[in-house]
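Below is final-v1.txt, which holds compact mmCIF, C-alpha atoms.
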# COMPACT_ATOMS: atom_id res chain seq x y z
CA MET L 1 1.60 4.04 2.21
CA LEU L 2 1.54 4.00 6.02
CA LEU L 3 0.80 7.73 6.28
CA GLY L 4 -1.42 7.59 9.37
CA PRO L 5 0.83 5.25 11.41
CA ALA L 6 3.92 7.28 10.47
CA LEU L 7 2.28 10.53 11.63
CA ALA L 8 1.17 8.83 14.86
CA LEU L 9 4.72 7.55 15.48
CA SER L 10 6.02 11.05 14.84
CA ALA L 11 3.55 12.43 17.41
CA ILE L 12 4.62 9.88 20.02
CA LEU L 13 8.33 10.52 19.48
CA PHE L 14 7.84 14.30 19.67
CA SER L 15 5.90 13.95 22.94
CA ILE L 16 8.67 11.75 24.37
CA GLY L 17 11.19 14.44 23.40
CA VAL L 18 9.16 17.15 25.17
CA ALA L 19 8.82 14.94 28.27
CA GLY L 20 12.59 14.43 28.24
CA VAL L 21 13.24 18.17 28.17
CA LEU L 22 10.96 18.58 31.20
CA LEU L 23 12.43 15.61 33.08
CA ARG L 24 16.18 16.05 32.83
CA ARG L 25 18.57 18.62 34.23
CA ASN L 26 21.69 17.61 32.32
CA ALA L 27 22.20 20.15 29.51
CA ILE L 28 23.66 17.55 27.11
CA VAL L 29 20.74 15.14 27.61
CA LEU L 30 18.40 18.09 27.03
CA PHE L 31 20.17 18.65 23.73
CA MET L 32 19.64 15.00 22.82
CA CYS L 33 15.91 15.35 23.54
CA ILE L 34 15.81 18.31 21.16
CA GLU L 35 17.47 16.12 18.50
CA LEU L 36 14.75 13.53 19.18
CA MET L 37 12.06 16.13 18.52
CA LEU L 38 13.79 17.19 15.29
CA ASN L 39 13.82 13.53 14.22
CA ALA L 40 10.10 13.22 14.95
CA VAL L 41 9.37 16.24 12.74
CA ASN L 42 11.61 14.79 10.01
CA LEU L 43 9.54 11.61 10.10
CA SER L 44 6.31 13.50 9.45
CA PHE L 45 8.01 15.44 6.61
CA VAL L 46 9.06 12.17 4.98
CA ALA L 47 5.62 10.60 5.50
CA LEU L 48 3.86 13.58 3.91
CA ALA L 49 6.39 13.71 1.05
CA GLN L 50 4.73 10.53 -0.23
CA VAL L 51 1.57 12.44 -1.16
CA HIS L 52 2.77 16.03 -1.54
CA GLY L 53 5.90 15.52 -3.62
CA LEU L 54 9.61 15.68 -2.95
CA GLY L 55 9.63 19.08 -1.21
CA GLY L 56 9.26 17.31 2.13
CA GLN L 57 12.37 15.21 1.62
CA ILE L 58 14.38 18.29 0.61
CA MET L 59 13.16 20.03 3.77
CA VAL L 60 14.42 17.06 5.83
CA PHE L 61 17.82 17.50 4.17
CA PHE L 62 17.92 21.14 5.29
CA VAL L 63 16.66 20.30 8.80
CA MET L 64 19.50 17.78 9.14
CA THR L 65 22.09 20.36 8.08
CA VAL L 66 20.75 22.98 10.47
CA ALA L 67 20.61 20.37 13.27
CA ALA L 68 24.27 19.49 12.68
CA ALA L 69 25.25 23.17 12.84
CA GLU L 70 23.10 23.65 15.94
CA ALA L 71 24.71 20.66 17.66
CA ALA L 72 28.22 22.00 16.95
CA VAL L 73 27.48 25.49 18.29
CA GLY L 74 25.35 24.25 21.21
CA LEU L 75 27.97 21.78 22.40
CA ALA L 76 30.62 24.50 22.17
CA ILE L 77 28.42 26.69 24.40
CA ILE L 78 28.02 23.78 26.86
CA LEU L 79 31.81 23.33 26.90
CA ALA L 80 32.27 27.03 27.67
CA ILE L 81 29.65 26.84 30.47
CA PHE L 82 31.35 23.74 31.91
CA ARG L 83 34.66 25.56 31.98
CA HIS L 84 32.96 28.40 33.89
CA THR L 85 30.89 26.46 36.47
CA GLN L 86 32.48 22.95 36.42
CA SER L 87 28.99 21.49 35.83
CA VAL L 88 26.40 20.97 33.10
CA ASP L 89 23.53 20.69 35.59
CA LEU L 90 20.92 23.32 34.79
CA GLN L 91 20.42 23.99 38.52
CA ASN L 92 23.92 25.43 38.69
CA ILE L 93 23.52 27.57 35.57
CA ASN L 94 21.59 30.50 37.01
CA VAL L 95 23.72 33.59 36.38
CA LEU L 96 20.91 35.11 34.30
CA GLN L 97 18.45 34.91 37.23
CA GLY L 98 19.94 38.09 38.71
CA MET R 1 4.88 -7.48 5.29
CA THR R 2 5.85 -3.80 4.97
CA ALA R 3 3.36 -2.90 7.69
CA ALA R 4 4.76 -5.57 10.01
CA VAL R 5 8.32 -4.28 9.56
CA PHE R 6 7.06 -0.72 10.07
CA TYR R 7 5.38 -1.57 13.38
CA LEU R 8 8.44 -3.50 14.54
CA LEU R 9 10.75 -0.56 13.79
CA GLY R 10 8.24 1.89 15.27
CA ALA R 11 8.01 -0.06 18.53
CA SER R 12 11.81 -0.22 18.68
CA ALA R 13 12.04 3.55 18.08
CA ILE R 14 9.54 4.33 20.86
CA ALA R 15 11.18 1.94 23.34
CA SER R 16 14.65 3.36 22.58
CA ALA R 17 13.38 6.94 22.92
CA LEU R 18 11.82 6.17 26.32
CA LEU R 19 15.05 4.53 27.49
CA CYS R 20 16.99 7.53 26.15
CA ILE R 21 15.11 10.01 28.33
CA THR R 22 15.13 7.85 31.47
CA ARG R 23 18.70 6.47 31.59
CA LYS R 24 20.80 8.17 34.25
CA ASN R 25 24.13 7.86 32.46
CA PRO R 26 24.46 10.34 29.53
CA VAL R 27 26.48 7.81 27.50
CA SER R 28 23.70 5.21 27.59
CA SER R 29 21.20 7.97 26.79
CA ALA R 30 23.22 8.84 23.69
CA LEU R 31 23.49 5.18 22.62
CA TRP R 32 19.72 4.68 22.98
CA LEU R 33 19.22 7.81 20.86
CA VAL R 34 21.45 6.24 18.19
CA SER R 35 19.20 3.16 18.32
CA THR R 36 16.13 5.39 17.79
CA MET R 37 17.82 7.01 14.80
CA PHE R 38 18.64 3.66 13.23
CA ALA R 39 15.02 2.54 13.61
CA LEU R 40 13.90 5.80 11.98
CA ALA R 41 16.34 5.21 9.10
CA GLY R 42 14.67 1.86 8.50
CA ILE R 43 11.26 3.54 8.53
CA TYR R 44 12.47 6.10 5.97
CA VAL R 45 13.36 3.24 3.61
CA LEU R 46 9.83 1.85 4.03
CA LEU R 47 8.45 5.32 3.23
CA HIS R 48 10.42 5.45 -0.08
CA ALA R 49 13.02 7.96 1.18
CA GLN R 50 16.24 6.02 0.62
CA PHE R 51 18.42 9.12 0.30
CA ILE R 52 17.15 10.49 3.61
CA ALA R 53 17.70 7.09 5.24
CA VAL R 54 21.37 7.08 4.16
CA PHE R 55 21.76 10.63 5.42
CA GLN R 56 20.09 9.75 8.71
CA VAL R 57 22.71 7.08 9.36
CA LEU R 58 25.67 9.13 8.08
CA VAL R 59 24.88 12.54 9.55
CA TYR R 60 22.68 11.90 12.57
CA ALA R 61 23.63 8.49 13.91
CA GLY R 62 27.20 9.03 12.71
CA ALA R 63 28.50 12.57 12.89
CA VAL R 64 26.14 14.32 15.31
CA MET R 65 26.03 11.53 17.89
CA VAL R 66 29.82 11.07 17.76
CA LEU R 67 30.08 14.78 18.56
CA PHE R 68 27.73 14.30 21.53
CA LEU R 69 29.71 11.31 22.81
CA PHE R 70 32.98 13.22 22.42
CA VAL R 71 31.66 16.07 24.56
CA ILE R 72 30.20 13.70 27.18
CA MET R 73 33.52 11.87 27.50
CA LEU R 74 35.56 15.09 27.34
CA LEU R 75 33.61 16.48 30.32
CA ASN R 76 33.83 13.09 32.08
CA LEU R 77 30.11 13.08 32.87
CA GLY R 78 28.04 10.20 34.25
CA ARG R 79 29.83 9.75 37.56
CA GLU R 80 27.69 12.16 39.58
CA ALA R 81 24.20 11.55 41.02
CA SER R 82 21.20 11.14 38.75
CA ASP R 83 20.03 14.33 37.04
CA VAL R 84 16.42 13.16 36.58
CA ARG R 85 14.05 15.61 38.27
CA GLY R 86 11.68 14.67 41.11
CA LYS R 87 7.99 13.75 41.28
CA PRO R 88 6.47 17.17 40.30
CA ALA R 89 8.47 17.21 37.08
CA TRP R 90 7.33 13.65 36.27
CA ALA R 91 3.69 14.67 36.73
CA LEU R 92 4.20 17.78 34.59
CA ALA R 93 6.01 15.79 31.89
CA ALA R 94 3.28 13.11 31.87
CA ALA R 95 0.52 15.75 31.61
CA VAL R 96 2.25 17.65 28.79
CA MET R 97 3.00 14.38 27.01
CA VAL R 98 -0.64 13.26 27.17
CA ILE R 99 -2.06 16.62 26.05
CA LEU R 100 0.48 17.11 23.27
CA GLY R 101 0.18 13.50 22.19
CA ALA R 102 -3.62 13.76 22.03
CA GLN R 103 -3.36 16.89 19.89
CA PHE R 104 -0.92 15.28 17.49
CA PHE R 105 -2.92 12.07 17.51
CA ALA R 106 -5.82 13.97 15.94
CA VAL R 107 -3.91 13.76 12.65
CA TRP R 108 -4.02 9.94 12.78
CA HIS R 109 -6.96 10.00 10.37
CA TYR R 110 -5.17 12.35 7.97
CA THR R 111 -5.47 10.16 4.89
CA PRO R 112 -5.01 11.17 1.24
CA ALA R 113 -8.66 10.33 0.54
CA GLN R 114 -9.84 12.68 3.26
CA MET R 115 -7.51 15.48 2.18
CA ALA R 116 -8.66 15.18 -1.41
CA SER R 117 -12.33 15.26 -0.44
CA GLU R 118 -11.72 18.31 1.80
CA GLN R 119 -10.10 20.21 -1.05
CA HIS R 120 -12.91 19.07 -3.32
CA SER R 121 -15.52 20.62 -1.00
CA GLY R 122 -16.63 17.41 0.63
CA ALA R 123 -17.21 15.28 -2.44
CA ALA R 124 -15.58 11.86 -2.41
CA VAL R 125 -12.76 11.53 -4.93
CA ALA R 126 -12.43 8.33 -6.89
CA ASP R 127 -8.62 8.16 -6.98
CA PRO R 128 -7.22 10.37 -4.21
CA LEU R 129 -3.61 9.94 -5.32
CA ALA R 130 -4.36 11.33 -8.76
CA PHE R 131 -5.66 14.53 -7.18
CA PHE R 132 -2.42 16.00 -5.92
CA PRO R 133 -0.44 18.25 -8.26
CA ASN R 134 2.96 16.91 -7.22
CA ASN R 135 1.83 13.33 -7.39
CA ALA R 136 3.79 12.63 -10.57
CA LEU R 137 6.98 13.68 -8.80
CA ALA R 138 6.13 11.60 -5.76
CA ALA R 139 5.43 8.57 -7.91
CA GLU R 140 8.75 9.11 -9.65
CA ALA R 141 10.50 9.22 -6.28
CA ALA R 142 8.73 6.05 -5.20
CA ARG R 143 10.22 4.22 -8.17
CA PRO R 144 13.25 2.56 -6.64
CA ASP R 145 15.58 2.97 -9.63
CA ASP R 146 15.29 6.77 -9.86
CA ALA R 147 14.81 7.95 -6.27
CA PHE R 148 18.17 9.74 -6.17
CA GLY R 149 17.72 11.27 -9.62
CA ALA R 150 14.38 12.89 -8.83
CA LEU R 151 15.60 14.20 -5.50
CA SER R 152 18.89 15.62 -6.76
CA ALA R 153 17.23 17.25 -9.78
CA SER R 154 14.85 19.03 -7.42
CA LEU R 155 17.65 19.89 -4.98
CA PHE R 156 19.97 21.42 -7.57
CA GLN R 157 17.30 23.19 -9.63
CA ASN R 158 14.42 24.43 -7.46
CA TYR R 159 16.35 24.60 -4.19
CA LEU R 160 19.82 25.63 -5.41
CA VAL R 161 19.99 28.94 -3.48
CA PRO R 162 18.95 27.41 -0.10
CA PHE R 163 21.50 24.64 -0.76
CA GLU R 164 24.29 27.20 -1.24
CA ILE R 165 23.17 29.17 1.82
CA THR R 166 23.44 25.92 3.81
CA SER R 167 27.15 25.77 3.06
CA VAL R 168 27.61 29.30 4.41
CA LEU R 169 25.64 28.30 7.52
CA LEU R 170 27.92 25.33 8.10
CA LEU R 171 31.01 27.54 7.72
CA VAL R 172 29.59 30.03 10.24
CA ALA R 173 28.76 27.19 12.66
CA ALA R 174 32.27 25.74 12.38
CA ILE R 175 33.93 29.12 13.03
CA GLY R 176 31.46 29.88 15.84
CA ALA R 177 32.12 26.55 17.55
CA VAL R 178 35.90 27.15 17.47
CA VAL R 179 35.50 30.69 18.81
CA LEU R 180 33.19 29.55 21.63
CA ALA R 181 35.15 26.50 22.71
CA LYS R 182 38.64 27.93 22.52
CA ARG R 183 40.11 29.19 25.76
CA ARG R 184 42.13 32.01 24.28
CA ILE R 185 42.12 33.14 20.66

Please lay out the structure from this file as structure tokens.
Amino acid sequence: MLLGPALALSAILFSIGVAGVLLRRNAIVLFMCIELMLNAVNLSFVALAQVHGLGGQIMVFFVMTVAAAEAAVGLAIILAIFRHTQSVDLQNINVLQG
Amino acid sequence: MTAAVFYLLGASAIASALLCITRKNPVSSALWLVSTMFALAGIYVLLHAQFIAVFQVLVYAGAVMVLFLFVIMLLNLGREASDVRGKPAWALAAAVMVILGAQFFAVWHYTPAQMASEQHSGAAVADPLAFFPNNALAAEAARPDDAFGALSASLFQNYLVPFEITSVLLLVAAIGAVVLAKRRI
């Protein structure tokens, strides 16, 4: 069954993802930390699907599709930013600060 | 045996995730993230989600991470100084991690028996698994010979419209990525 350990692992991985977003300045690594958080949530969906039926697994399927679309669009945005500022460091991306 | 494999894969996932957020080079970060995803795929198999495990390897560890590596190598990153923030950010990250982790950890004791007794107004339930309405479906999915059948029946009957909308979303994302990344259209 392993429901409790799986939920605990999901919590730890999500916290690591949040810590990564706070720690890094590289936009691409930030994106990878977001993917890590999505994976942590997927794990809790799969763990709970064992007791609540298959809806959880179907939701993971949709989360994966949306994550793939998000990665494609997000990386295209990062490419466009790199072409503009020659950097993906978030310190140099401050045109919206005014 | 299953529990031992689970804890092994879980420890590997946590270690890889920590290495992923602390490595200075984006390429090694990405490769450690792939390692986390493989460990998670193994855990999905242990949790009776074989279809999701296959998809995890194909879509996440395969397609999405290849896209990440392509962009990292296209931009020729990893040669500049480390992008890890200084001491204040480490303290903030550690504090947020501890608080968030403690909150999520409260669900550690979220067991089927407890859920069933909560929904039954506190009374202990003899067989907690028999209590849940979708339990028959879950049991069917747990049977190794028909995991795909149960999932695809549900996907193409109850969730057909969201499934079709997903294809439109992917088309929009593909067109949007081309429009954003192209220099001149």

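CA of Gly149 in chain R is found 21.4 Å from CA of Ser167 in chain R.
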
With distances taken over only C-alpha atoms, which of L:Ala19, L:Leu2, L:Ala69, L:Leu48 is nearest to Leu36 in chain L?
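Checking each candidate against Leu36 in chain L, we get L:Ala19 as the closest.
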
Which chain L residues are at most 8 Å from chain R (counting only C-alpha atoms), as a PyMOL selection string?
chain L and resi 1-5+7-9+11-13+15-20+22-26+28-29+32-33+36+39+43+46-47+49-54+57-58+60-62+64-66+68-73+75-77+79-80+82+89

Which residue, L:Ile34, L:Val88, L:Ile93, L:Ile81, has the smallest gap to Ala67 in chain L when you use all atoms listed in the file?
L:Ile34

From R:Trp32, R:Phe148, R:Phe38, R:Phe156, residue lying nearest Leu19 in chain R [only C-alpha atoms]:
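Between R:Trp32, R:Phe148, R:Phe38, R:Phe156, the residue approaching Leu19 in chain R most closely is R:Trp32.
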
One residue among L:His84, L:Phe14, L:Gly55, L:Leu96 is nearest to Glu35 in chain L when using only C-alpha atoms, and that residue is L:Phe14

For CA of Arg79 in chain R and CA of Gln97 in chain L, determine how far apart the two atoms are, in Å to one decimal place.
27.6 Å

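Among the candidates R:Ala153, R:Val168, R:Val45, R:Glu80, the one nearest to Ser87 in chain L when counting all atoms listed in the file is R:Glu80.
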
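What separates CA of Ala6 in chain L from CA of Ser44 in chain L is a distance of 6.7 Å.
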
Which neighbours of Val41 in chain L fall inside 8 Å, counting only C-alpha atoms, when residues of the same chain fewer than 4 positions from it are skipped, and could you give them as a PDB file with C-alpha atoms, keeping the file's coordinate frame?
ATOM      1  CA  SER L  10       6.020  11.050  14.840  1.00  0.00           C
ATOM      2  CA  PHE L  14       7.840  14.300  19.670  1.00  0.00           C
ATOM      3  CA  MET L  37      12.060  16.130  18.520  1.00  0.00           C
ATOM      4  CA  PHE L  45       8.010  15.440   6.610  1.00  0.00           C
TER       5      PHE L  45
END
